[in-house]
Amino acid sequence: MATDPIPQFPAGFLWGVSTSAHQIEGAADERRASVWDTFTAEPGRVKDGSTAAVACDHYHRHREDVALLAGLGVNAYRFSVSWPRVSSPGGLDFYDRLVDELCGVGVRPVPTLFHWDLPAELDWLDRDTAARFADHVAVTAGRLGDRVPTWITLNEPAEHTLLGHALGVHAPGRRLLFDALPVAHHQLLAHGLAVRALRAAGATDIGIANSHGPTWSASQDPADVAAADFYDLLLNRLFCEPLLLGRYPDGIGELMPGDVEADLKIVAEPVDWYGVNYYAPARVGAPRGAQTEVGGVALPAELPFSLREIEGRPVTDFGWPVVPEGLTELLTHLSDRYGDRLPPVMITENGCSYEGLDDQERIAYLDGHLRALHRAIEAGVDVRGYFVWSLLDNFEWAEGYARRFGLVHVDFETLERTPKASYAWFRDVLRTQR
């Protein structure tokens with residue numbers, strides 16, 4: 001880790017942390033069920049057998065968590081609005097209080113309107129879910145829009161499609177492989193309809209949080225290069241180009257349902273900024289005829305690519321390689337590829353899983369990635385903000401409570417919050433950026 005100070009970022013830069021409703025709120029008996037409630041109730045779905053019924057109990061302890069945000073010194077907080085809670089009686093009252101409390105301590109509320117917790121009765125294979133989502137957005141913006149300047153439509157539709165519908169390791173647990181493509185299209189359509197609903201409510205600062213990472217070919221062998229190109233198309237371009245260019249990559253549009261050309265006009269509604277969730281590059285090669293697993297992601301043998309280890313790098317407790325310069329590479333590549341079609345960028349998630357209160361590995365990780373981000377800005381990429389994942393240790397989806405991404409430690413028996421060394425480090429960094 002470098003000992004010199006983090007370089008100065010541009011004036012007006014947003015510094016924040018991120019969470020999601022299902023992972024921290026708890027109070028599951030005070031809202032309608034989501035697909036994640038159904039999924040985690042099935043034995044064997046979550047590695048430690050846990051659920052998010054209580055999680056961090058943020059629903060009842062949000063004032064304590066807002067105080068942690070104020071003490072940290074961030075000027076923005078990215079959280080998600082639970083669709084099942086909003087559609088429950090009194091559900092919006094919680095977010096109304098949360099937004100008021102954030103504004104009261106000078107922290108900008110940045111709500112994400114869908115972070116994987118689909119109401120249990122809905123299905124992304126059904127086109128009507130996109131229209132239902134637009135209704136949810138309109139209701140939420142109508143209640144909160146007078147105090148919320150910045151909105152995020154969807155979180156990581158690529159992962160929700162791949163892990164939840166193609167591979168079956170996340171909710172709703174389907175294993176459709178390429179038959180999951182309609183899920184991708186309907187989420188993108190939902191994004192476009194949400195942008196329209198937000199504009200109708202007067203919103204002027206709208207983005208999306210898409211996951212991206214550089215794709216590295218395992219070798220220069222043509223089979224490896226072709227596999228890496230296809231992986232890049234599937235995980236990066238498929239969820240980026242409809243928004244930015246108004247078209248799918250070659251060969252993909254004809255696989256999507258409905259009047260794709262008409263839908264793309266909605267999908268490509270202009271956004272004010274483009275959110276990037278970055279964790280690590282992927283090293284990809286030709287299929288090996290057997291299931292492969294890297295960093296906790298298992299890919300079946302029938303896919304036309306395989307994931308390979310990125311060797312010679314430290315790894316997080318999740319097994320993900322630590323590659324800060326991949327963030328610089330990713331952002332400069334997006335800028336070069338899309339030019340003036342790429343809006344200003346915000347890093348809507350970046351973080352790592354490590355144990356312990358004296359989490360020096362997390363400090364080194366964040367230090368390296370902030371310097372890499374600054375190098376991308378120096379290279380000409382217009383970056384407007386950076387959000388650490390995450391404020392709190394939380395329910396880490398199919399991993400349960402076995403992975404800790406928080407700047408704040410949570411004892412899941414007592415729910416006591418204890419700031420880690422990384423919390424103090426990030427607080428001190430932010431003081432130098434004023």
# chains A, B, ... in the order shown; residues from 1 in each chain; ligands from 1
>>> residues_around(residues="segment 267-284 of chain A", least_positions_apart="3", cutoff="7 Å", atoms="only C-alpha atoms", output="PyMOL selection string")
chain A and resi 188-189+191-192+195+205-218+224+227-228+242-244+246+263-264+305-310+320-323+326-327+343-351
>>> residues_around(residues="Ala424 of chain A", least_positions_apart="3", cutoff="10 Å", atoms="only C-alpha atoms", output="PyMOL selection string")
chain A and resi 71-72+363+407-408+419-421+427-430
>>> write_last_selection(atoms="N, CA, C and O atoms", output="PDB file, in the first residue's frame")
ATOM      1  N   GLY A  71     -20.671   9.956  10.801  1.00  0.00           N
ATOM      2  CA  GLY A  71     -19.335   9.869  11.366  1.00  0.00           C
ATOM      3  C   GLY A  71     -18.276   9.543  10.346  1.00  0.00           C
ATOM      4  O   GLY A  71     -17.121   9.972  10.463  1.00  0.00           O
ATOM      5  N   LEU A  72     -18.661   8.788   9.326  1.00  0.00           N
ATOM      6  CA  LEU A  72     -17.726   8.438   8.263  1.00  0.00           C
ATOM      7  C   LEU A  72     -17.373   9.649   7.402  1.00  0.00           C
ATOM      8  O   LEU A  72     -16.251   9.758   6.891  1.00  0.00           O
ATOM      9  N   ILE A 363      -8.077  -2.074   3.598  1.00  0.00           N
ATOM     10  CA  ILE A 363      -7.483  -0.748   3.420  1.00  0.00           C
ATOM     11  C   ILE A 363      -6.580  -0.738   2.190  1.00  0.00           C
ATOM     12  O   ILE A 363      -6.640   0.180   1.354  1.00  0.00           O
ATOM     13  N   LEU A 407     -17.407  -1.913   6.018  1.00  0.00           N
ATOM     14  CA  LEU A 407     -16.501  -1.050   6.769  1.00  0.00           C
ATOM     15  C   LEU A 407     -16.841  -1.109   8.256  1.00  0.00           C
ATOM     16  O   LEU A 407     -16.017  -0.734   9.103  1.00  0.00           O
ATOM     17  N   VAL A 408     -18.044  -1.583   8.545  1.00  0.00           N
ATOM     18  CA  VAL A 408     -18.512  -1.720   9.922  1.00  0.00           C
ATOM     19  C   VAL A 408     -18.829  -3.193  10.179  1.00  0.00           C
ATOM     20  O   VAL A 408     -19.573  -3.820   9.416  1.00  0.00           O
ATOM     21  N   PRO A 419     -17.186  -0.146  14.090  1.00  0.00           N
ATOM     22  CA  PRO A 419     -16.382   0.303  12.949  1.00  0.00           C
ATOM     23  C   PRO A 419     -15.024  -0.403  12.910  1.00  0.00           C
ATOM     24  O   PRO A 419     -14.382  -0.596  13.942  1.00  0.00           O
ATOM     25  N   LYS A 420     -14.613  -0.778  11.720  1.00  0.00           N
ATOM     26  CA  LYS A 420     -13.335  -1.455  11.518  1.00  0.00           C
ATOM     27  C   LYS A 420     -12.237  -0.420  11.244  1.00  0.00           C
ATOM     28  O   LYS A 420     -12.502   0.779  11.087  1.00  0.00           O
ATOM     29  N   ALA A 421     -11.013  -0.913  11.144  1.00  0.00           N
ATOM     30  CA  ALA A 421      -9.902  -0.024  10.802  1.00  0.00           C
ATOM     31  C   ALA A 421     -10.144   0.645   9.457  1.00  0.00           C
ATOM     32  O   ALA A 421      -9.767   1.810   9.250  1.00  0.00           O
ATOM     33  N   ARG A 427     -12.630   7.367   6.488  1.00  0.00           N
ATOM     34  CA  ARG A 427     -12.996   8.652   7.085  1.00  0.00           C
ATOM     35  C   ARG A 427     -11.849   9.657   6.949  1.00  0.00           C
ATOM     36  O   ARG A 427     -12.055  10.815   6.567  1.00  0.00           O
ATOM     37  N   ASP A 428     -10.643   9.199   7.218  1.00  0.00           N
ATOM     38  CA  ASP A 428      -9.491  10.097   7.127  1.00  0.00           C
ATOM     39  C   ASP A 428      -9.208  10.499   5.684  1.00  0.00           C
ATOM     40  O   ASP A 428      -8.816  11.648   5.410  1.00  0.00           O
ATOM     41  N   VAL A 429      -9.391   9.580   4.747  1.00  0.00           N
ATOM     42  CA  VAL A 429      -9.244   9.922   3.326  1.00  0.00           C
ATOM     43  C   VAL A 429     -10.230  11.019   2.945  1.00  0.00           C
ATOM     44  O   VAL A 429      -9.876  12.003   2.272  1.00  0.00           O
ATOM     45  N   LEU A 430     -11.476  10.860   3.379  1.00  0.00           N
ATOM     46  CA  LEU A 430     -12.499  11.840   3.004  1.00  0.00           C
ATOM     47  C   LEU A 430     -12.197  13.220   3.575  1.00  0.00           C
ATOM     48  O   LEU A 430     -12.524  14.243   2.948  1.00  0.00           O
TER      49      LEU A 430
END
>>> residues_around(residues="Leu193 of chain A", least_positions_apart="3", cutoff="6 Å", atoms="only C-alpha atoms", output="PyMOL selection string")
chain A and resi 134+190+196
>>> closest_residue(among="A:Gly168, A:Gly16, A:Pro222, A:Pro43", to="Val74 of chain A", atoms="only C-alpha atoms")
A:Gly16
>>> closest_atom_pairs(of="segment 245-323 of chain A", to="segment 233-238 of chain A", cutoff="9 Å", atoms="only C-alpha atoms", output="JSON lines")
{"residue": "A:Tyr248", "atom": "CA", "partner": "A:Leu238", "partner_atom": "CA", "distance": 6.3}
{"residue": "A:Pro249", "atom": "CA", "partner": "A:Leu238", "partner_atom": "CA", "distance": 6.5}
{"residue": "A:Ile252", "atom": "CA", "partner": "A:Leu238", "partner_atom": "CA", "distance": 8.0}
>>> closest_residue(among="A:Trp124, A:Phe405, A:Phe133, A:Trp36", to="Trp389 of chain A", atoms="only C-alpha atoms")
A:Phe405
>>> closest_residue(among="A:Ala376, A:Asp359, A:Lys265, A:Val381", to="Gly339 of chain A", atoms="only C-alpha atoms")
A:Val381
>>> atom_distance(atom1="atom CA of Cys352 of chain A", atom2="atom CA of His115 of chain A")
18.7 Å
>>> decode(residues="segment 370-408 of chain A", atoms="C-alpha atoms", output="PDB file, in the first residue's frame")
ATOM      1  CA  LEU A 370      -8.843   4.780  -5.481  1.00  0.00           C
ATOM      2  CA  ARG A 371      -5.432   5.389  -7.038  1.00  0.00           C
ATOM      3  CA  ALA A 372      -6.453   3.347 -10.080  1.00  0.00           C
ATOM      4  CA  LEU A 373      -9.650   5.384 -10.348  1.00  0.00           C
ATOM      5  CA  HIS A 374      -7.681   8.608 -10.190  1.00  0.00           C
ATOM      6  CA  ARG A 375      -5.458   7.369 -13.026  1.00  0.00           C
ATOM      7  CA  ALA A 376      -8.570   6.843 -15.145  1.00  0.00           C
ATOM      8  CA  ILE A 377      -9.622  10.434 -14.440  1.00  0.00           C
ATOM      9  CA  GLU A 378      -6.146  11.644 -15.408  1.00  0.00           C
ATOM     10  CA  ALA A 379      -6.544   9.671 -18.650  1.00  0.00           C
ATOM     11  CA  GLY A 380      -9.662  11.697 -19.461  1.00  0.00           C
ATOM     12  CA  VAL A 381     -12.552   9.574 -18.130  1.00  0.00           C
ATOM     13  CA  ASP A 382     -15.286  11.743 -16.611  1.00  0.00           C
ATOM     14  CA  VAL A 383     -15.856  10.083 -13.216  1.00  0.00           C
ATOM     15  CA  ARG A 384     -18.257  11.772 -10.827  1.00  0.00           C
ATOM     16  CA  GLY A 385     -18.405   9.493  -7.768  1.00  0.00           C
ATOM     17  CA  TYR A 386     -17.211   6.422  -5.883  1.00  0.00           C
ATOM     18  CA  PHE A 387     -19.216   4.179  -3.548  1.00  0.00           C
ATOM     19  CA  VAL A 388     -17.623   1.513  -1.355  1.00  0.00           C
ATOM     20  CA  TRP A 389     -19.417  -1.786  -1.008  1.00  0.00           C
ATOM     21  CA  SER A 390     -20.422  -1.882   1.764  1.00  0.00           C
ATOM     22  CA  LEU A 391     -21.253   0.131   4.876  1.00  0.00           C
ATOM     23  CA  LEU A 392     -22.164  -2.965   6.914  1.00  0.00           C
ATOM     24  CA  ASP A 393     -21.343  -6.635   6.989  1.00  0.00           C
ATOM     25  CA  ASN A 394     -24.543  -8.185   5.686  1.00  0.00           C
ATOM     26  CA  PHE A 395     -26.393 -11.156   4.222  1.00  0.00           C
ATOM     27  CA  GLU A 396     -24.236 -12.014   1.233  1.00  0.00           C
ATOM     28  CA  TRP A 397     -26.881 -13.780  -0.873  1.00  0.00           C
ATOM     29  CA  ALA A 398     -26.164 -17.498  -1.415  1.00  0.00           C
ATOM     30  CA  GLU A 399     -23.062 -17.209   0.800  1.00  0.00           C
ATOM     31  CA  GLY A 400     -25.206 -16.290   3.811  1.00  0.00           C
ATOM     32  CA  TYR A 401     -23.241 -14.545   6.552  1.00  0.00           C
ATOM     33  CA  ALA A 402     -19.888 -16.122   5.671  1.00  0.00           C
ATOM     34  CA  ARG A 403     -18.535 -13.114   3.740  1.00  0.00           C
ATOM     35  CA  ARG A 404     -17.872  -9.726   5.299  1.00  0.00           C
ATOM     36  CA  PHE A 405     -17.733  -6.724   2.961  1.00  0.00           C
ATOM     37  CA  GLY A 406     -18.472  -4.011   5.526  1.00  0.00           C
ATOM     38  CA  LEU A 407     -16.501  -1.050   6.769  1.00  0.00           C
ATOM     39  CA  VAL A 408     -18.512  -1.720   9.922  1.00  0.00           C
TER      40      VAL A 408
END
